[in-house]
Amino acid sequence: MSGAGAPDLEVDGSGLSVGVVASQWHTVVMDGLLEGARRALAAAGVSVVEELRVPGAFELPLGAAALAEQHDAVVALGVVVRGGTPHFEYVCRAATDGLLRVMLD
């Protein structure tokens with residue numbers, strides 16, 4: 001990803017409350033994603049951030065739904081590694097469909 005063509009956004013998150021739900025699997029990658037989210041939220045001026053760790057990507061929708069009840073926005077972070085079984089597709093589909101449902105609700 002080169003970032004070419006990405007919009008130049010100025011975000012003012014002051015006064016917003018944001019929940020961040022992150023899976024616990026693949027800690028090296030997830031810790032980096034979580035730190036990046038912290039930096040981006042701080043740069044946007046968000047002062048109220050609640051973090052919730054869930055076991056894996058499959059549980060992201062449940063965590064997002066819980067955080068959505070108390071926050072203005074929710075960020076969901078997860079990692080699913082493609083392997084030799086259809087597990088990747090099942091987990092990605094469940095997480096995507098579940099997060100879409102939370103967003104629509």
# chains A, B, ... in the order shown; residues from 1 in each chain; ligands from 1
call {"tool": "residues_around", "arguments": {"residues": "stretch 41-46 of chain A", "least_positions_apart": "2", "cutoff": "9 Å", "atoms": "only C-alpha atoms", "output": "PyMOL selection string"}}
result
chain A and resi 10-18+36-39+48-49
call {"tool": "closest_residue", "arguments": {"among": "A:Val81, A:Ala64, A:Leu52, A:Ala40", "to": "A:His26", "atoms": "only C-alpha atoms"}}
result
A:Val81
call {"tool": "residues_around", "arguments": {"residues": "A:Arg93", "least_positions_apart": "5", "cutoff": "12 Å", "atoms": "only C-alpha atoms", "output": "PyMOL selection string"}}
result
chain A and resi 57-58+60-61+80+86-88+98-100
call {"tool": "write_last_selection", "arguments": {"atoms": "N, CA, C and O atoms", "output": "PDB file, in the first residue's frame"}}
result
ATOM      1  N   ALA A  57     -10.766 -12.524  16.127  1.00  0.00           N
ATOM      2  CA  ALA A  57     -11.544 -11.722  15.182  1.00  0.00           C
ATOM      3  C   ALA A  57     -13.023 -12.100  15.196  1.00  0.00           C
ATOM      4  O   ALA A  57     -13.894 -11.253  14.983  1.00  0.00           O
ATOM      5  N   PHE A  58     -13.309 -13.371  15.463  1.00  0.00           N
ATOM      6  CA  PHE A  58     -14.691 -13.839  15.493  1.00  0.00           C
ATOM      7  C   PHE A  58     -15.508 -13.094  16.546  1.00  0.00           C
ATOM      8  O   PHE A  58     -16.708 -12.861  16.384  1.00  0.00           O
ATOM      9  N   LEU A  60     -15.001  -9.934  17.563  1.00  0.00           N
ATOM     10  CA  LEU A  60     -14.991  -8.477  17.381  1.00  0.00           C
ATOM     11  C   LEU A  60     -16.398  -7.861  17.357  1.00  0.00           C
ATOM     12  O   LEU A  60     -16.622  -6.830  17.997  1.00  0.00           O
ATOM     13  N   PRO A  61     -17.369  -8.453  16.661  1.00  0.00           N
ATOM     14  CA  PRO A  61     -18.703  -7.841  16.647  1.00  0.00           C
ATOM     15  C   PRO A  61     -19.346  -7.731  18.030  1.00  0.00           C
ATOM     16  O   PRO A  61     -19.978  -6.711  18.338  1.00  0.00           O
ATOM     17  N   VAL A  80      -6.549 -12.122  10.777  1.00  0.00           N
ATOM     18  CA  VAL A  80      -6.877 -13.501  10.436  1.00  0.00           C
ATOM     19  C   VAL A  80      -5.852 -13.941   9.394  1.00  0.00           C
ATOM     20  O   VAL A  80      -5.694 -13.282   8.366  1.00  0.00           O
ATOM     21  N   PRO A  86     -10.652 -23.784   5.024  1.00  0.00           N
ATOM     22  CA  PRO A  86     -11.597 -22.684   4.797  1.00  0.00           C
ATOM     23  C   PRO A  86     -11.846 -21.827   6.051  1.00  0.00           C
ATOM     24  O   PRO A  86     -12.646 -20.904   6.014  1.00  0.00           O
ATOM     25  N   HIS A  87     -11.139 -22.120   7.141  1.00  0.00           N
ATOM     26  CA  HIS A  87     -11.307 -21.375   8.387  1.00  0.00           C
ATOM     27  C   HIS A  87     -11.198 -19.868   8.162  1.00  0.00           C
ATOM     28  O   HIS A  87     -11.961 -19.080   8.725  1.00  0.00           O
ATOM     29  N   PHE A  88     -10.238 -19.427   7.350  1.00  0.00           N
ATOM     30  CA  PHE A  88     -10.031 -18.010   7.065  1.00  0.00           C
ATOM     31  C   PHE A  88     -11.318 -17.364   6.542  1.00  0.00           C
ATOM     32  O   PHE A  88     -11.744 -16.313   7.028  1.00  0.00           O
ATOM     33  N   GLY A  98     -20.849  -9.495  11.136  1.00  0.00           N
ATOM     34  CA  GLY A  98     -21.185  -9.063  12.482  1.00  0.00           C
ATOM     35  C   GLY A  98     -20.906  -7.582  12.690  1.00  0.00           C
ATOM     36  O   GLY A  98     -21.729  -6.865  13.286  1.00  0.00           O
ATOM     37  N   LEU A  99     -19.778  -7.096  12.200  1.00  0.00           N
ATOM     38  CA  LEU A  99     -19.464  -5.672  12.341  1.00  0.00           C
ATOM     39  C   LEU A  99     -20.416  -4.821  11.508  1.00  0.00           C
ATOM     40  O   LEU A  99     -20.816  -3.731  11.945  1.00  0.00           O
ATOM     41  N   LEU A 100     -20.805  -5.309  10.352  1.00  0.00           N
ATOM     42  CA  LEU A 100     -21.805  -4.593   9.547  1.00  0.00           C
ATOM     43  C   LEU A 100     -23.125  -4.501  10.302  1.00  0.00           C
ATOM     44  O   LEU A 100     -23.773  -3.452  10.326  1.00  0.00           O
TER      45      LEU A 100
END
call {"tool": "select_by_dssp", "arguments": {"residues": "stretch 18-102 of chain A", "states": "alpha helix (DSSP H)", "output": "NGL selection string"}}
result
:A and (27-43 or 60-68 or 87-102)
call {"tool": "write_last_selection", "arguments": {"atoms": "C-alpha atoms", "output": "PDB file, in the first residue's frame"}}
result
ATOM      1  CA  THR A  27       0.017 -10.186  19.474  1.00  0.00           C
ATOM      2  CA  VAL A  28       2.981  -8.785  17.553  1.00  0.00           C
ATOM      3  CA  VAL A  29       0.743  -7.546  14.742  1.00  0.00           C
ATOM      4  CA  MET A  30      -2.131  -6.588  17.033  1.00  0.00           C
ATOM      5  CA  ASP A  31       0.068  -4.611  19.413  1.00  0.00           C
ATOM      6  CA  GLY A  32       1.305  -2.589  16.436  1.00  0.00           C
ATOM      7  CA  LEU A  33      -2.230  -1.996  15.165  1.00  0.00           C
ATOM      8  CA  LEU A  34      -3.408  -0.983  18.619  1.00  0.00           C
ATOM      9  CA  GLU A  35      -0.509   1.427  19.071  1.00  0.00           C
ATOM     10  CA  GLY A  36      -1.261   2.946  15.660  1.00  0.00           C
ATOM     11  CA  ALA A  37      -4.897   3.430  16.646  1.00  0.00           C
ATOM     12  CA  ARG A  38      -3.811   5.112  19.883  1.00  0.00           C
ATOM     13  CA  ARG A  39      -1.555   7.500  17.955  1.00  0.00           C
ATOM     14  CA  ALA A  40      -4.243   8.314  15.372  1.00  0.00           C
ATOM     15  CA  LEU A  41      -6.892   8.950  18.021  1.00  0.00           C
ATOM     16  CA  ALA A  42      -4.529  11.154  20.023  1.00  0.00           C
ATOM     17  CA  ALA A  43      -3.581  13.078  16.857  1.00  0.00           C
ATOM     18  CA  LEU A  60     -14.991  -8.477  17.381  1.00  0.00           C
ATOM     19  CA  PRO A  61     -18.703  -7.841  16.647  1.00  0.00           C
ATOM     20  CA  LEU A  62     -19.749  -8.686  20.201  1.00  0.00           C
ATOM     21  CA  GLY A  63     -17.109  -6.358  21.636  1.00  0.00           C
ATOM     22  CA  ALA A  64     -17.992  -3.633  19.137  1.00  0.00           C
ATOM     23  CA  ALA A  65     -21.681  -3.888  20.038  1.00  0.00           C
ATOM     24  CA  ALA A  66     -20.902  -3.491  23.740  1.00  0.00           C
ATOM     25  CA  LEU A  67     -18.676  -0.463  23.110  1.00  0.00           C
ATOM     26  CA  ALA A  68     -21.159   1.126  20.682  1.00  0.00           C
ATOM     27  CA  HIS A  87     -11.307 -21.375   8.387  1.00  0.00           C
ATOM     28  CA  PHE A  88     -10.031 -18.010   7.065  1.00  0.00           C
ATOM     29  CA  GLU A  89     -13.157 -17.449   4.969  1.00  0.00           C
ATOM     30  CA  TYR A  90     -15.510 -18.465   7.791  1.00  0.00           C
ATOM     31  CA  VAL A  91     -13.913 -16.188  10.365  1.00  0.00           C
ATOM     32  CA  CYS A  92     -13.570 -13.224   7.989  1.00  0.00           C
ATOM     33  CA  ARG A  93     -17.182 -13.552   6.838  1.00  0.00           C
ATOM     34  CA  ALA A  94     -18.497 -13.818  10.405  1.00  0.00           C
ATOM     35  CA  ALA A  95     -16.459 -10.824  11.582  1.00  0.00           C
ATOM     36  CA  THR A  96     -17.404  -8.699   8.568  1.00  0.00           C
ATOM     37  CA  ASP A  97     -21.109  -9.579   8.714  1.00  0.00           C
ATOM     38  CA  GLY A  98     -21.185  -9.063  12.482  1.00  0.00           C
ATOM     39  CA  LEU A  99     -19.464  -5.672  12.341  1.00  0.00           C
ATOM     40  CA  LEU A 100     -21.805  -4.593   9.547  1.00  0.00           C
ATOM     41  CA  ARG A 101     -24.762  -5.582  11.726  1.00  0.00           C
ATOM     42  CA  VAL A 102     -23.388  -3.498  14.619  1.00  0.00           C
TER      43      VAL A 102
END
call {"tool": "residues_around", "arguments": {"residues": "A:Trp25", "least_positions_apart": "6", "cutoff": "9 Å", "atoms": "only C-alpha atoms", "output": "PDB file with N, CA, C and O atoms, in the first residue's frame"}}
result
ATOM      1  N   VAL A  54     -10.628  -8.816  22.937  1.00  0.00           N
ATOM      2  CA  VAL A  54     -11.448 -10.011  22.792  1.00  0.00           C
ATOM      3  C   VAL A  54     -10.545 -11.151  22.315  1.00  0.00           C
ATOM      4  O   VAL A  54      -9.459 -10.903  21.797  1.00  0.00           O
ATOM      5  N   PRO A  55     -10.985 -12.409  22.473  1.00  0.00           N
ATOM      6  CA  PRO A  55     -10.104 -13.531  22.118  1.00  0.00           C
ATOM      7  C   PRO A  55      -9.609 -13.517  20.672  1.00  0.00           C
ATOM      8  O   PRO A  55      -8.432 -13.750  20.414  1.00  0.00           O
ATOM      9  N   GLY A  56     -10.496 -13.270  19.717  1.00  0.00           N
ATOM     10  CA  GLY A  56     -10.089 -13.322  18.314  1.00  0.00           C
ATOM     11  C   GLY A  56     -10.987 -12.471  17.444  1.00  0.00           C
ATOM     12  O   GLY A  56     -11.890 -11.781  17.930  1.00  0.00           O
ATOM     13  N   ALA A  57     -10.766 -12.524  16.127  1.00  0.00           N
ATOM     14  CA  ALA A  57     -11.544 -11.722  15.182  1.00  0.00           C
ATOM     15  C   ALA A  57     -13.023 -12.100  15.196  1.00  0.00           C
ATOM     16  O   ALA A  57     -13.894 -11.253  14.983  1.00  0.00           O
ATOM     17  N   GLY A  78      -8.460  -6.542  14.047  1.00  0.00           N
ATOM     18  CA  GLY A  78      -8.285  -7.982  14.115  1.00  0.00           C
ATOM     19  C   GLY A  78      -7.357  -8.471  13.023  1.00  0.00           C
ATOM     20  O   GLY A  78      -7.138  -7.789  12.028  1.00  0.00           O
ATOM     21  N   VAL A  79      -6.824  -9.664  13.217  1.00  0.00           N
ATOM     22  CA  VAL A  79      -5.935 -10.301  12.243  1.00  0.00           C
ATOM     23  C   VAL A  79      -6.417 -11.724  12.031  1.00  0.00           C
ATOM     24  O   VAL A  79      -6.667 -12.446  12.995  1.00  0.00           O
ATOM     25  N   VAL A  80      -6.549 -12.122  10.777  1.00  0.00           N
ATOM     26  CA  VAL A  80      -6.877 -13.501  10.436  1.00  0.00           C
ATOM     27  C   VAL A  80      -5.852 -13.941   9.394  1.00  0.00           C
ATOM     28  O   VAL A  80      -5.694 -13.282   8.366  1.00  0.00           O
TER      29      VAL A  80
END
call {"tool": "closest_residue", "arguments": {"among": "A:Asp105, A:Ser47, A:Glu59, A:Ala6", "to": "A:Ala76", "atoms": "only C-alpha atoms"}}
result
A:Glu59
